[in-house]
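Engineer: Below is the file protein.cif, with mmCIF, C-alpha atoms and all ligand atoms.
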```
data_query
loop_
_atom_site.label_atom_id
_atom_site.label_comp_id
_atom_site.auth_asym_id
_atom_site.auth_seq_id
_atom_site.Cartn_x
_atom_site.Cartn_y
_atom_site.Cartn_z
CA MET A 237 -20.63 46.20 -72.43
CA LEU A 238 -19.73 44.21 -69.37
CA ARG A 239 -21.32 41.18 -67.78
CA LEU A 240 -21.21 40.47 -64.05
CA HIS A 241 -23.11 37.40 -62.92
CA ASP A 242 -26.53 37.63 -64.60
CA LYS A 243 -26.51 41.37 -65.37
CA TYR A 244 -25.15 43.60 -68.11
CA PHE A 245 -23.50 46.95 -67.46
CA GLU A 246 -22.43 49.85 -69.67
CA PRO A 247 -19.84 52.59 -69.10
CA PHE A 248 -21.18 55.51 -67.09
CA ILE A 249 -18.39 57.63 -65.53
CA SER A 250 -14.90 57.59 -67.00
CA ALA A 251 -11.69 57.15 -65.03
CA THR A 252 -10.69 60.69 -66.06
CA ASP A 253 -13.85 62.22 -64.63
CA ILE A 254 -13.43 60.27 -61.41
CA ASP A 255 -9.82 61.42 -61.16
CA ARG A 256 -10.88 65.05 -61.53
CA SER A 257 -13.41 64.73 -58.72
CA VAL A 258 -10.92 63.04 -56.43
CA GLU A 259 -8.38 65.74 -57.13
CA ARG A 260 -10.90 68.49 -56.36
CA LEU A 261 -11.90 66.81 -53.08
CA ALA A 262 -8.28 66.50 -51.99
CA ARG A 263 -7.65 70.19 -52.67
CA GLN A 264 -10.87 71.31 -51.02
CA ILE A 265 -10.35 69.28 -47.85
CA SER A 266 -6.70 70.18 -47.43
CA SER A 267 -7.52 73.87 -47.75
CA ASP A 268 -10.26 73.54 -45.10
CA PHE A 269 -7.86 72.08 -42.50
CA PRO A 270 -4.66 74.07 -43.01
CA GLY A 271 -2.91 73.69 -39.66
CA GLU A 272 -4.21 70.25 -38.79
CA VAL A 273 -3.22 66.65 -39.20
CA PRO A 274 -6.58 64.99 -39.69
CA ILE A 275 -7.14 61.29 -39.39
CA PHE A 276 -8.84 59.82 -42.45
CA VAL A 277 -11.03 56.90 -41.58
CA VAL A 278 -11.60 54.76 -44.66
CA VAL A 279 -14.80 52.69 -44.63
CA LEU A 280 -14.04 49.35 -46.23
CA ASN A 281 -14.59 47.59 -48.51
CA GLY A 282 -15.97 49.94 -51.13
CA ALA A 283 -13.83 53.00 -50.34
CA PHE A 284 -10.45 51.33 -50.83
CA MET A 285 -9.88 52.58 -54.36
CA PHE A 286 -11.16 56.09 -53.74
CA ALA A 287 -9.11 56.35 -50.55
CA SER A 288 -5.96 55.18 -52.26
CA ASP A 289 -6.25 57.76 -55.06
CA PHE A 290 -7.43 60.52 -52.73
CA LEU A 291 -4.64 60.06 -50.21
CA LYS A 292 -1.99 60.08 -52.92
CA LYS A 293 -3.31 63.49 -53.92
CA TYR A 294 -3.66 64.83 -50.36
CA PRO A 295 -0.88 67.39 -50.15
CA ARG A 296 -0.38 67.61 -46.35
CA ASN A 297 0.38 65.32 -43.46
CA CYS A 298 -2.41 63.09 -42.36
CA LYS A 299 -3.09 59.84 -40.55
CA ILE A 300 -4.99 56.96 -42.04
CA SER A 301 -7.07 54.24 -40.51
CA PHE A 302 -9.33 51.57 -41.99
CA VAL A 303 -12.58 50.38 -40.54
CA LYS A 304 -15.34 48.03 -41.46
CA LEU A 305 -18.90 48.07 -40.26
CA ALA A 306 -19.96 44.71 -38.96
CA SER A 307 -23.44 43.78 -37.88
CA TYR A 308 -24.62 41.19 -35.47
CA GLN A 309 -28.08 40.22 -34.33
CA GLY A 310 -28.57 42.21 -31.17
CA THR A 311 -31.35 42.49 -28.71
CA SER A 312 -32.23 46.09 -29.51
CA SER A 313 -35.58 46.88 -31.05
CA SER A 314 -34.07 47.26 -34.51
CA GLY A 315 -32.69 43.73 -34.29
CA GLN A 316 -29.48 44.68 -36.09
CA VAL A 317 -26.74 46.43 -34.17
CA LYS A 318 -23.73 47.68 -36.07
CA HIS A 319 -20.25 48.28 -34.77
CA LEU A 320 -16.92 49.26 -36.18
CA ILE A 321 -14.08 46.88 -36.40
CA GLY A 322 -10.52 47.84 -37.08
CA LEU A 323 -10.21 51.22 -35.39
CA GLU A 324 -7.12 50.85 -33.26
CA GLU A 325 -6.08 54.49 -32.90
CA ASN A 326 -7.23 56.69 -30.08
CA VAL A 327 -9.12 59.41 -31.93
CA GLU A 328 -9.88 61.57 -28.90
CA GLY A 329 -9.36 65.26 -29.61
CA GLN A 330 -8.62 64.61 -33.28
CA THR A 331 -10.28 65.75 -36.48
CA VAL A 332 -11.79 62.69 -38.10
CA ILE A 333 -12.64 62.70 -41.78
CA VAL A 334 -14.58 59.68 -42.86
CA LEU A 335 -13.92 58.54 -46.43
CA GLU A 336 -16.88 56.79 -48.04
CA ASP A 337 -17.24 55.50 -51.58
CA VAL A 338 -20.98 56.12 -51.83
CA ILE A 339 -23.74 57.48 -49.63
CA ASP A 340 -27.25 56.51 -50.61
CA THR A 341 -29.86 55.95 -47.88
CA GLY A 342 -27.41 57.23 -45.27
CA ASN A 343 -27.93 54.30 -42.89
CA THR A 344 -24.22 53.58 -42.68
CA LEU A 345 -23.55 57.24 -41.99
CA VAL A 346 -25.93 57.19 -39.04
CA GLU A 347 -24.08 54.24 -37.56
CA ILE A 348 -20.74 55.93 -38.05
CA HIS A 349 -21.95 59.12 -36.34
CA ARG A 350 -23.40 57.08 -33.50
CA ILE A 351 -20.16 55.21 -32.97
CA PHE A 352 -17.91 58.29 -33.12
CA SER A 353 -20.20 60.37 -30.90
CA GLY A 354 -18.88 58.45 -27.90
CA MET A 355 -15.21 58.96 -28.76
CA ASN A 356 -14.70 62.63 -27.89
CA VAL A 357 -13.31 63.58 -31.26
CA LYS A 358 -12.56 67.24 -32.00
CA LYS A 359 -14.80 67.19 -35.06
CA ILE A 360 -16.04 64.71 -37.56
CA ARG A 361 -16.52 65.35 -41.26
CA VAL A 362 -17.73 63.07 -44.00
CA ALA A 363 -16.30 62.94 -47.51
CA THR A 364 -17.87 60.70 -50.09
CA LEU A 365 -16.89 60.22 -53.69
CA PHE A 366 -20.46 59.48 -54.78
CA TYR A 367 -23.72 60.68 -53.31
CA LYS A 368 -27.25 59.72 -54.31
CA PRO A 369 -29.38 62.70 -53.20
CA GLU A 370 -32.69 61.07 -54.21
CA ALA A 371 -32.01 58.10 -51.96
CA TYR A 372 -30.64 60.00 -48.97
CA LYS A 373 -33.09 59.87 -46.08
CA GLN A 374 -31.04 61.27 -43.18
CA SER A 375 -30.38 64.73 -41.86
CA PHE A 376 -26.66 64.49 -41.12
CA PRO A 377 -24.70 66.79 -43.41
CA VAL A 378 -22.61 65.17 -46.09
CA ASP A 379 -19.71 67.61 -45.96
CA TYR A 380 -17.75 66.76 -49.10
CA VAL A 381 -19.21 65.23 -52.23
CA GLY A 382 -17.22 64.21 -55.30
CA MET A 383 -20.13 63.55 -57.65
CA LYS A 384 -23.88 63.24 -57.39
CA LEU A 385 -25.39 60.11 -58.86
CA PRO A 386 -28.96 59.40 -59.89
CA GLU A 387 -30.66 56.48 -58.18
CA ARG A 388 -29.23 53.85 -60.42
CA PHE A 389 -27.34 50.66 -59.80
CA VAL A 390 -23.63 51.21 -60.44
CA VAL A 391 -20.46 49.16 -60.11
CA GLY A 392 -16.73 49.75 -60.43
CA TYR A 393 -14.07 51.81 -58.68
CA GLY A 394 -14.56 49.92 -55.43
CA LEU A 395 -18.29 49.26 -55.80
CA ASP A 396 -19.43 45.73 -56.41
CA TYR A 397 -22.33 43.70 -57.65
CA ASP A 398 -22.42 40.61 -55.50
CA GLY A 399 -18.65 40.57 -55.07
CA LEU A 400 -17.63 41.44 -58.63
CA GLY A 401 -16.66 44.71 -60.29
CA ARG A 402 -14.67 46.40 -57.54
CA ASN A 403 -11.45 46.38 -59.59
CA LEU A 404 -12.87 48.33 -62.55
CA PRO A 405 -11.14 51.71 -62.94
CA GLU A 406 -14.37 53.40 -64.09
CA ILE A 407 -18.03 53.35 -63.12
CA TYR A 408 -20.52 51.20 -65.02
CA GLN A 409 -24.30 51.37 -64.80
CA LEU A 410 -26.82 48.61 -65.12
CA LYS A 411 -27.97 48.34 -68.71
CA GLU A 412 -31.67 48.85 -69.31
CA ARG A 413 -33.06 45.60 -70.56
CA ASN A 414 -35.14 45.65 -73.65
CA MET A 415 -38.31 44.19 -72.30
CA ILE A 416 -42.01 44.92 -72.18
CA ASN A 417 -43.36 45.85 -68.79
CA LEU A 418 -47.02 46.71 -68.97
CA VAL A 419 -49.28 48.17 -66.36
CA LEU A 420 -52.86 47.19 -67.07
CA PHE A 421 -54.97 49.93 -65.68
CA GLY A 422 -58.67 50.43 -65.08
CA LYS A 423 -61.45 50.18 -62.57
CA PRO A 424 -62.48 46.88 -61.03
CA GLY A 425 -64.26 44.85 -63.69
CA ALA A 426 -62.56 46.62 -66.60
CA GLY A 427 -61.18 43.30 -67.85
CA LYS A 428 -57.55 43.58 -66.75
CA GLY A 429 -57.29 39.98 -65.55
CA THR A 430 -59.09 38.59 -68.61
CA GLN A 431 -56.86 40.47 -71.03
CA ALA A 432 -53.69 39.69 -69.11
CA VAL A 433 -54.23 35.98 -69.78
CA PHE A 434 -54.12 36.59 -73.54
CA LEU A 435 -51.35 39.16 -73.55
CA LYS A 436 -49.02 37.08 -71.41
CA GLU A 437 -49.30 34.20 -73.92
CA LYS A 438 -48.89 36.45 -76.91
CA TYR A 439 -45.83 38.34 -75.68
CA ASN A 440 -44.36 35.78 -73.28
CA LEU A 441 -44.78 37.91 -70.18
CA VAL A 442 -45.13 37.09 -66.50
CA HIS A 443 -48.53 38.16 -65.18
CA ILE A 444 -48.63 39.53 -61.65
CA SER A 445 -52.07 40.31 -60.28
CA THR A 446 -51.83 41.72 -56.76
CA GLY A 447 -55.51 40.88 -56.18
CA ASP A 448 -54.82 37.22 -57.14
CA VAL A 449 -51.78 37.04 -54.87
CA PHE A 450 -53.85 38.40 -51.99
CA ARG A 451 -56.66 35.92 -52.67
CA TYR A 452 -54.15 33.06 -52.84
CA ASN A 453 -52.82 34.10 -49.44
CA ILE A 454 -56.30 34.45 -48.01
CA LYS A 455 -57.10 30.92 -49.15
CA GLY A 456 -53.90 29.61 -47.63
CA GLU A 457 -54.66 31.54 -44.43
CA THR A 458 -51.17 33.04 -44.33
CA GLU A 459 -50.36 36.05 -42.14
CA LEU A 460 -50.40 38.23 -45.24
CA GLY A 461 -53.76 36.77 -46.21
CA LYS A 462 -55.28 37.44 -42.80
CA LEU A 463 -54.08 41.01 -42.87
CA ALA A 464 -55.22 41.70 -46.43
CA LYS A 465 -58.63 40.10 -45.89
CA GLN A 466 -59.75 42.82 -43.50
CA TYR A 467 -59.23 45.46 -46.16
CA ILE A 468 -60.41 43.48 -49.17
CA ASP A 469 -63.66 42.51 -47.46
CA ARG A 470 -64.48 46.18 -47.00
CA GLY A 471 -63.45 47.08 -50.55
CA GLU A 472 -60.55 49.18 -49.26
CA LEU A 473 -57.01 49.17 -50.57
CA VAL A 474 -54.47 47.12 -48.64
CA PRO A 475 -51.79 49.45 -47.15
CA ASP A 476 -49.04 50.44 -49.57
CA GLU A 477 -46.18 48.99 -47.58
CA VAL A 478 -47.71 45.52 -47.51
CA THR A 479 -48.62 45.58 -51.18
CA ILE A 480 -45.27 46.96 -52.32
CA ASN A 481 -43.28 44.33 -50.39
CA MET A 482 -45.45 41.63 -51.84
CA LEU A 483 -45.03 42.90 -55.37
CA GLN A 484 -41.27 43.18 -54.96
CA ALA A 485 -41.16 39.53 -53.86
CA GLU A 486 -43.20 38.49 -56.91
CA VAL A 487 -40.86 40.34 -59.27
CA ASP A 488 -37.82 38.83 -57.53
CA LYS A 489 -39.25 35.34 -58.02
CA ASN A 490 -39.17 35.85 -61.79
CA GLN A 491 -35.59 36.96 -62.44
CA GLY A 492 -35.38 35.64 -66.00
CA ALA A 493 -38.71 37.07 -67.20
CA GLU A 494 -38.86 38.73 -70.62
CA GLY A 495 -41.33 41.21 -69.23
CA PHE A 496 -44.21 41.66 -66.84
CA ILE A 497 -47.87 42.51 -66.86
CA PHE A 498 -48.74 44.34 -63.67
CA ASP A 499 -52.45 43.90 -63.13
CA GLY A 500 -53.98 45.87 -60.27
CA PHE A 501 -50.66 47.48 -59.38
CA PRO A 502 -49.88 50.33 -58.93
CA ARG A 503 -53.06 51.68 -57.38
CA THR A 504 -51.55 54.69 -55.58
CA THR A 505 -48.85 57.22 -56.39
CA ALA A 506 -46.64 55.73 -53.66
CA GLN A 507 -46.95 52.34 -55.36
CA ALA A 508 -46.11 53.86 -58.75
CA ASP A 509 -42.97 55.45 -57.27
CA ALA A 510 -42.03 52.17 -55.65
CA LEU A 511 -42.53 50.32 -58.93
CA ASP A 512 -40.31 52.79 -60.77
CA GLN A 513 -37.59 52.38 -58.20
CA LEU A 514 -37.67 48.65 -57.97
CA LEU A 515 -37.62 48.28 -61.74
CA LYS A 516 -34.83 50.83 -62.09
CA ALA A 517 -32.69 48.88 -59.64
CA LYS A 518 -33.01 45.91 -62.00
CA GLY A 519 -32.30 47.88 -65.17
CA MET A 520 -35.97 47.81 -66.15
CA SER A 521 -38.78 50.36 -66.51
CA VAL A 522 -42.50 50.58 -67.17
CA SER A 523 -42.95 50.50 -70.95
CA ALA A 524 -46.59 51.57 -70.93
CA THR A 525 -49.66 51.90 -68.79
CA ILE A 526 -52.75 50.91 -70.74
CA ALA A 527 -56.18 51.70 -69.35
CA LEU A 528 -59.30 49.75 -70.24
CA GLU A 529 -62.18 52.21 -70.31
CA ALA A 530 -65.79 51.36 -69.49
CA ASP A 531 -68.74 53.04 -67.78
CA ASP A 532 -69.44 52.41 -64.12
CA GLU A 533 -72.85 50.90 -64.82
CA VAL A 534 -71.40 48.37 -67.28
CA LEU A 535 -68.69 47.51 -64.77
CA ILE A 536 -71.15 47.01 -61.93
CA GLY A 537 -73.16 44.60 -64.09
CA ARG A 538 -70.00 42.66 -64.97
CA LEU A 539 -68.79 42.49 -61.38
CA LEU A 540 -72.11 41.25 -60.01
CA GLU A 541 -72.11 38.55 -62.71
CA ARG A 542 -68.53 37.61 -61.85
CA GLY A 543 -69.43 37.53 -58.14
CA LYS A 544 -72.09 34.90 -58.78
CA LEU A 545 -69.59 32.64 -60.55
CA SER A 546 -66.45 33.17 -58.46
CA GLY A 547 -68.00 33.62 -55.04
CA ARG A 548 -65.77 36.68 -54.45
CA SER A 549 -67.49 38.52 -51.63
CA ASP A 550 -66.24 41.93 -52.77
CA ASP A 551 -68.02 41.38 -56.11
CA GLN A 552 -71.40 40.45 -54.68
CA ASP A 553 -72.50 43.58 -52.95
CA GLU A 554 -73.20 46.71 -54.99
CA SER A 555 -72.35 49.07 -52.15
CA LYS A 556 -68.90 47.45 -51.78
CA ILE A 557 -68.36 47.73 -55.52
CA ARG A 558 -69.25 51.43 -55.40
CA PHE A 559 -66.85 51.86 -52.51
CA ARG A 560 -64.07 50.28 -54.59
CA PHE A 561 -64.86 52.78 -57.38
CA GLU A 562 -64.53 55.60 -54.87
CA GLU A 563 -61.17 54.23 -53.73
CA TYR A 564 -60.19 54.15 -57.41
CA ASN A 565 -61.33 57.74 -58.05
CA GLN A 566 -59.52 59.08 -55.03
CA LYS A 567 -56.32 57.07 -54.93
CA THR A 568 -55.79 55.41 -58.29
CA ALA A 569 -57.11 57.93 -60.84
CA PRO A 570 -54.23 60.39 -60.09
CA LEU A 571 -51.94 57.82 -61.73
CA ILE A 572 -53.40 58.76 -65.11
CA ASP A 573 -51.63 62.11 -64.87
CA TYR A 574 -48.59 60.46 -63.33
CA TYR A 575 -48.07 58.28 -66.40
CA LYS A 576 -49.25 60.95 -68.87
CA LYS A 577 -46.49 63.24 -67.65
CA ARG A 578 -44.01 60.49 -68.41
CA GLY A 579 -45.51 59.90 -71.87
CA LYS A 580 -46.49 56.37 -70.88
CA PHE A 581 -50.27 56.51 -70.65
CA PHE A 582 -52.51 54.90 -73.28
CA SER A 583 -56.15 53.98 -73.14
CA VAL A 584 -58.37 51.67 -75.15
CA ASN A 585 -62.09 51.13 -75.29
CA GLY A 586 -62.84 48.28 -72.90
CA ILE A 587 -66.28 47.50 -74.34
CA GLY A 588 -66.50 44.76 -76.94
CA SER A 589 -65.61 41.10 -77.33
CA ILE A 590 -62.53 39.75 -75.58
CA GLU A 591 -60.74 39.32 -78.94
CA GLU A 592 -61.57 42.85 -80.05
CA ILE A 593 -60.13 44.27 -76.88
CA THR A 594 -56.99 42.10 -77.10
CA THR A 595 -56.50 43.47 -80.63
CA ARG A 596 -56.82 47.06 -79.38
CA LEU A 597 -54.25 46.41 -76.64
CA SER A 598 -51.88 44.68 -79.07
CA GLU A 599 -51.99 47.69 -81.38
CA VAL A 600 -50.73 49.87 -78.54
CA ILE A 601 -48.06 47.35 -77.50
CA GLU A 602 -46.76 46.93 -81.02
CA LYS A 603 -46.17 50.63 -81.41
CA LEU A 604 -43.98 50.72 -78.31
CA ASP A 605 -40.24 50.97 -78.64
CA THR A 606 -39.50 47.60 -77.08
CA ALA A 607 -38.01 44.22 -77.82
CA VAL A 608 -41.17 42.92 -79.45
CA ASN A 609 -40.86 45.50 -82.22
CA LYS A 610 -37.18 45.01 -83.01
P1 LIG B 701 -58.46 43.14 -57.67
O1 LIG B 701 -58.52 41.67 -57.83
O2 LIG B 701 -57.33 43.76 -58.44
O3 LIG B 701 -59.77 43.82 -57.97
O4 LIG B 701 -58.15 43.42 -56.13
C1 LIG B 701 -59.02 43.03 -55.10
C2 LIG B 701 -58.67 43.76 -53.81
O5 LIG B 701 -57.33 43.46 -53.43
C3 LIG B 701 -58.73 45.27 -53.91
O6 LIG B 701 -60.03 45.79 -53.73
C4 LIG B 701 -57.81 45.66 -52.76
O7 LIG B 701 -58.43 45.52 -51.51
C5 LIG B 701 -56.73 44.61 -52.86
N1 LIG B 701 -55.65 45.06 -53.76
C6 LIG B 701 -55.29 44.52 -54.95
N2 LIG B 701 -54.27 45.19 -55.50
C7 LIG B 701 -53.97 46.19 -54.64
C8 LIG B 701 -53.03 47.25 -54.65
N3 LIG B 701 -52.18 47.43 -55.67
N4 LIG B 701 -53.00 48.09 -53.58
C9 LIG B 701 -53.84 47.93 -52.55
N5 LIG B 701 -54.78 46.98 -52.50
C10 LIG B 701 -54.85 46.10 -53.53
#
```
Just give me the structure of the file as structure tokens.

Structural biologist:
Amino acid sequence: MLRLHDKYFEPFISATDIDRSVERLARQISSDFPGEVPIFVVVLNGAFMFASDFLKKYPRNCKISFVKLASYQGTSSSGQVKHLIGLEENVEGQTVIVLEDVIDTGNTLVEIHRIFSGMNVKKIRVATLFYKPEAYKQSFPVDYVGMKLPERFVVGYGLDYDGLGRNLPEIYQLKERNMINLVLFGKPGAGKGTQAVFLKEKYNLVHISTGDVFRYNIKGETELGKLAKQYIDRGELVPDEVTINMLQAEVDKNQGAEGFIFDGFPRTTAQADALDQLLKAKGMSVSATIALEADDEVLIGRLLERGKLSGRSDDQDESKIRFRFEEYNQKTAPLIDYYKKRGKFFSVNGIGSIEEITTRLSEVIEKLDTAVNK
């Protein structure tokens, strides 16, 4: 195992396997351009090691150039304008083959295409050692791929984590941390917030309630608060993008946490996907989703009671409460299947005393294959 900064990594792709892929790419590309002298454009920094090995194996004449993408704050609508630095050759009329270490979202590729489209090249091809198909969001073809990678954080062979790891001759992946990450699931009033208070103490977890964060922002009259208020007052869900960004920021604030309780998140499939991805990028995953079950009529009674004490406007009006249940049935209930398919869904009876319900939840948690049980 390897440590870089605050994270641990484990071996993922051996130097031998990388070498085989590089060899295959060199053969494939040289046979596709038999009578030509292409110019390989190496995108720094990450591609330096791949390019060096690849070019040693390239059996024909070729030219080589190195570029870097630099960004500056521009005045375009996107705010960020990228440009290439380092390309000194005139590439007009030439076959350009871009050498990339990894293509994930494809944003860099778009910039490269945009920049070369004004240079009158004969043709442009893209060769990448690693490609993350699940992350790729563009339509440009990726012409040559050494290996496909799952959406996972990797370092080594040119790729870095915050400046470290580029010199490693093999690829390492982020090690899954042994932590408990619980999703507390259930309709409004099911007792998620109440139970989270006890579970976070018992298992030393960080409790993130998206509803609480929204209410905190509403109280502070922040931009986020003003935006969220319009939805919350009507009993509607706040748009996914807003909620996901907020949750990401809350997770980022708690880097050293031993685990999390997500309370009121995810509430849509898009949020569940986003949670999976953001946890994966940190070497974490959802350990279990535990639903607290109770009948609508019991919940309505509880919420109206709570509304009297807390002053929450969305808890004081029965029609708004029923609307929130409808939102739940339509948008949130599909997550039951989502987590069942992954073997991560559990449910407990949410009727009883607070202690009884904490005990039921603890029984589920203690059967999980996580740090707490080792
Ligand atoms: P809660 O305190 O969890 O009942 O949330 C109160 C309100 O905040 C909800 O009715 C939604 O309007 C909003 N909210 C909380 N969590 C989310 C979420 N994950 N997605 C969208 N809206 C949310």

Engineer: Give as a tab-separated table (two decimals) with C-alpha atoms, in the frame of the given file the residues surrounding ligand LIG 701 (chain B) up to a distance of 6 Å, considering only C-alpha atoms and all ligand atoms.

Structural biologist:
```tsv
chain	number	residue	atom	x	y	z
A	424	PRO	CA	-62.48	46.88	-61.03
A	446	THR	CA	-51.83	41.72	-56.76
A	447	GLY	CA	-55.51	40.88	-56.18
A	448	ASP	CA	-54.82	37.22	-57.14
A	467	TYR	CA	-59.23	45.46	-46.16
A	468	ILE	CA	-60.41	43.48	-49.17
A	471	GLY	CA	-63.45	47.08	-50.55
A	472	GLU	CA	-60.55	49.18	-49.26
A	473	LEU	CA	-57.01	49.17	-50.57
A	474	VAL	CA	-54.47	47.12	-48.64
A	475	PRO	CA	-51.79	49.45	-47.15
A	479	THR	CA	-48.62	45.58	-51.18
A	500	GLY	CA	-53.98	45.87	-60.27
A	501	PHE	CA	-50.66	47.48	-59.38
A	502	PRO	CA	-49.88	50.33	-58.93
A	503	ARG	CA	-53.06	51.68	-57.38
```

Engineer: How far is it from atom CA of Tyr408 of chain A to atom CA of Val362 of chain A, in Å with one decimal?

Structural biologist: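 So the answer is 24.3 Å.
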
Engineer: Take atom CA of Lys358 of chain A and atom CA of Glu259 of chain A and report the distance between them in Å, one decimal.

Structural biologist: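 Between atom CA of Lys358 of chain A and atom CA of Glu259 of chain A the gap works out to 25.5 Å.
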
Engineer: Could you pull the residues within 6 Å of segment 296-299 of chain A, counting only C-alpha atoms, minus those fewer than 4 positions along the same chain, as a JSON list (two decimals) with C-alpha atoms, in the frame of the given file?

Structural biologist:
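That gives us result-v9.json:
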```json
[["chain", "number", "residue", "atom", "x", "y", "z"],
["A", 273, "VAL", "CA", -3.22, 66.65, -39.20],
["A", 274, "PRO", "CA", -6.58, 64.99, -39.69],
["A", 275, "ILE", "CA", -7.14, 61.29, -39.39]]
```

Engineer: Nearest to Ala251 of chain A among A:Leu404, A:Met520, A:Ile348, A:Leu515, with distances taken over only C-alpha atoms: which residue is it?

Structural biologist: A:Leu404

Engineer: With distances taken over only C-alpha atoms, which residue among A:Val346, A:Val334, A:Leu323, A:Ile572 lies nearest Ala283 of chain A?

Structural biologist: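 Nearest to Ala283 of chain A: A:Val334.
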
Engineer: From the options A:Ala371, A:Val378, A:Val442, A:Val433, which residue's atoms come nearest to His349 of chain A, counting all atoms listed in the file?

Structural biologist: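 Of the candidates, the smallest distance to His349 of chain A is held by A:Val378.
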
Engineer: Rank A:Ile360, A:Val584, A:Gly271, A:Lys518 by their smallest atom-to-atom distance to Glu599 of chain A, using only C-alpha atoms, and report the top residue only.

Structural biologist: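 Checking each candidate against Glu599 of chain A, we get A:Val584 as the closest.
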
Engineer: Using all atoms listed in the file, which residues sit within 10 Å of Ala506 of chain A once same-chain residues fewer than 3 positions away are excluded, as a list in words?

Structural biologist: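 Counting all atoms listed in the file, the residues come to Asp476, Glu477, Ile480, Pro502, Arg503, Asp509, Ala510, Leu511, Asp512, Lys567 and Leu571 of chain A.
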
Engineer: Fewer than 4 positions away in the same chain doesn't count, so skip those; otherwise give me all residues within 8 Å of segment 409-417 of chain A, counting only C-alpha atoms, as a list in words.

Structural biologist: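 The contact residues come out as Lys243, Tyr244, Phe245, Glu246, Pro247, Phe248, Arg388, Phe389, Val390, Val391, Leu441, Glu494, Gly495, Phe496, Ile497, Phe498, Lys518, Gly519, Met520, Ser521, Val522, Ser523, Ala524, Thr606, Ala607 and Val608 of chain A.
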
Engineer: Okay, now the selection with C-alpha atoms, as a short mmCIF file (atom, residue, chain, number, x, y, z; two decimals), in the coordinates of the input?

Structural biologist:
```
data_model
loop_
_atom_site.label_atom_id
_atom_site.label_comp_id
_atom_site.auth_asym_id
_atom_site.auth_seq_id
_atom_site.Cartn_x
_atom_site.Cartn_y
_atom_site.Cartn_z
CA LYS A 243 -26.51 41.37 -65.37
CA TYR A 244 -25.15 43.60 -68.11
CA PHE A 245 -23.50 46.95 -67.46
CA GLU A 246 -22.43 49.85 -69.67
CA PRO A 247 -19.84 52.59 -69.10
CA PHE A 248 -21.18 55.51 -67.09
CA ARG A 388 -29.23 53.85 -60.42
CA PHE A 389 -27.34 50.66 -59.80
CA VAL A 390 -23.63 51.21 -60.44
CA VAL A 391 -20.46 49.16 -60.11
CA LEU A 441 -44.78 37.91 -70.18
CA GLU A 494 -38.86 38.73 -70.62
CA GLY A 495 -41.33 41.21 -69.23
CA PHE A 496 -44.21 41.66 -66.84
CA ILE A 497 -47.87 42.51 -66.86
CA PHE A 498 -48.74 44.34 -63.67
CA LYS A 518 -33.01 45.91 -62.00
CA GLY A 519 -32.30 47.88 -65.17
CA MET A 520 -35.97 47.81 -66.15
CA SER A 521 -38.78 50.36 -66.51
CA VAL A 522 -42.50 50.58 -67.17
CA SER A 523 -42.95 50.50 -70.95
CA ALA A 524 -46.59 51.57 -70.93
CA THR A 606 -39.50 47.60 -77.08
CA ALA A 607 -38.01 44.22 -77.82
CA VAL A 608 -41.17 42.92 -79.45
#
```

Engineer: Could you jot down the atom CA of Phe290 of chain A to atom CA of Arg402 of chain A separation for me, Å, one decimal place?

Structural biologist: 16.6 Å

Engineer: Will you model N, CA and C atoms for segment 281-290 of chain A and pass it back as a PDB file, keeping the file's coordinate frame?

Structural biologist:
```pdb
ATOM      1  N   ASN A 281     -15.584  47.820 -47.499  1.00  0.00           N
ATOM      2  CA  ASN A 281     -14.590  47.590 -48.510  1.00  0.00           C
ATOM      3  C   ASN A 281     -14.581  48.653 -49.617  1.00  0.00           C
ATOM      4  N   GLY A 282     -15.780  49.163 -49.907  1.00  0.00           N
ATOM      5  CA  GLY A 282     -15.970  49.940 -51.130  1.00  0.00           C
ATOM      6  C   GLY A 282     -15.025  51.119 -51.314  1.00  0.00           C
ATOM      7  N   ALA A 283     -14.576  51.748 -50.200  1.00  0.00           N
ATOM      8  CA  ALA A 283     -13.830  53.000 -50.340  1.00  0.00           C
ATOM      9  C   ALA A 283     -12.342  52.804 -50.603  1.00  0.00           C
ATOM     10  N   PHE A 284     -11.914  51.545 -50.745  1.00  0.00           N
ATOM     11  CA  PHE A 284     -10.450  51.330 -50.830  1.00  0.00           C
ATOM     12  C   PHE A 284      -9.817  52.034 -52.019  1.00  0.00           C
ATOM     13  N   MET A 285     -10.499  52.026 -53.166  1.00  0.00           N
ATOM     14  CA  MET A 285      -9.880  52.580 -54.360  1.00  0.00           C
ATOM     15  C   MET A 285      -9.897  54.106 -54.319  1.00  0.00           C
ATOM     16  N   PHE A 286     -11.031  54.639 -53.902  1.00  0.00           N
ATOM     17  CA  PHE A 286     -11.160  56.090 -53.740  1.00  0.00           C
ATOM     18  C   PHE A 286     -10.114  56.580 -52.746  1.00  0.00           C
ATOM     19  N   ALA A 287     -10.014  55.901 -51.604  1.00  0.00           N
ATOM     20  CA  ALA A 287      -9.110  56.350 -50.550  1.00  0.00           C
ATOM     21  C   ALA A 287      -7.668  56.341 -51.050  1.00  0.00           C
ATOM     22  N   SER A 288      -7.338  55.301 -51.774  1.00  0.00           N
ATOM     23  CA  SER A 288      -5.960  55.180 -52.260  1.00  0.00           C
ATOM     24  C   SER A 288      -5.623  56.351 -53.188  1.00  0.00           C
ATOM     25  N   ASP A 289      -6.502  56.655 -54.134  1.00  0.00           N
ATOM     26  CA  ASP A 289      -6.250  57.760 -55.060  1.00  0.00           C
ATOM     27  C   ASP A 289      -6.296  59.113 -54.336  1.00  0.00           C
ATOM     28  N   PHE A 290      -7.267  59.254 -53.448  1.00  0.00           N
ATOM     29  CA  PHE A 290      -7.430  60.520 -52.730  1.00  0.00           C
ATOM     30  C   PHE A 290      -6.197  60.819 -51.879  1.00  0.00           C
TER      31      PHE A 290
END
```
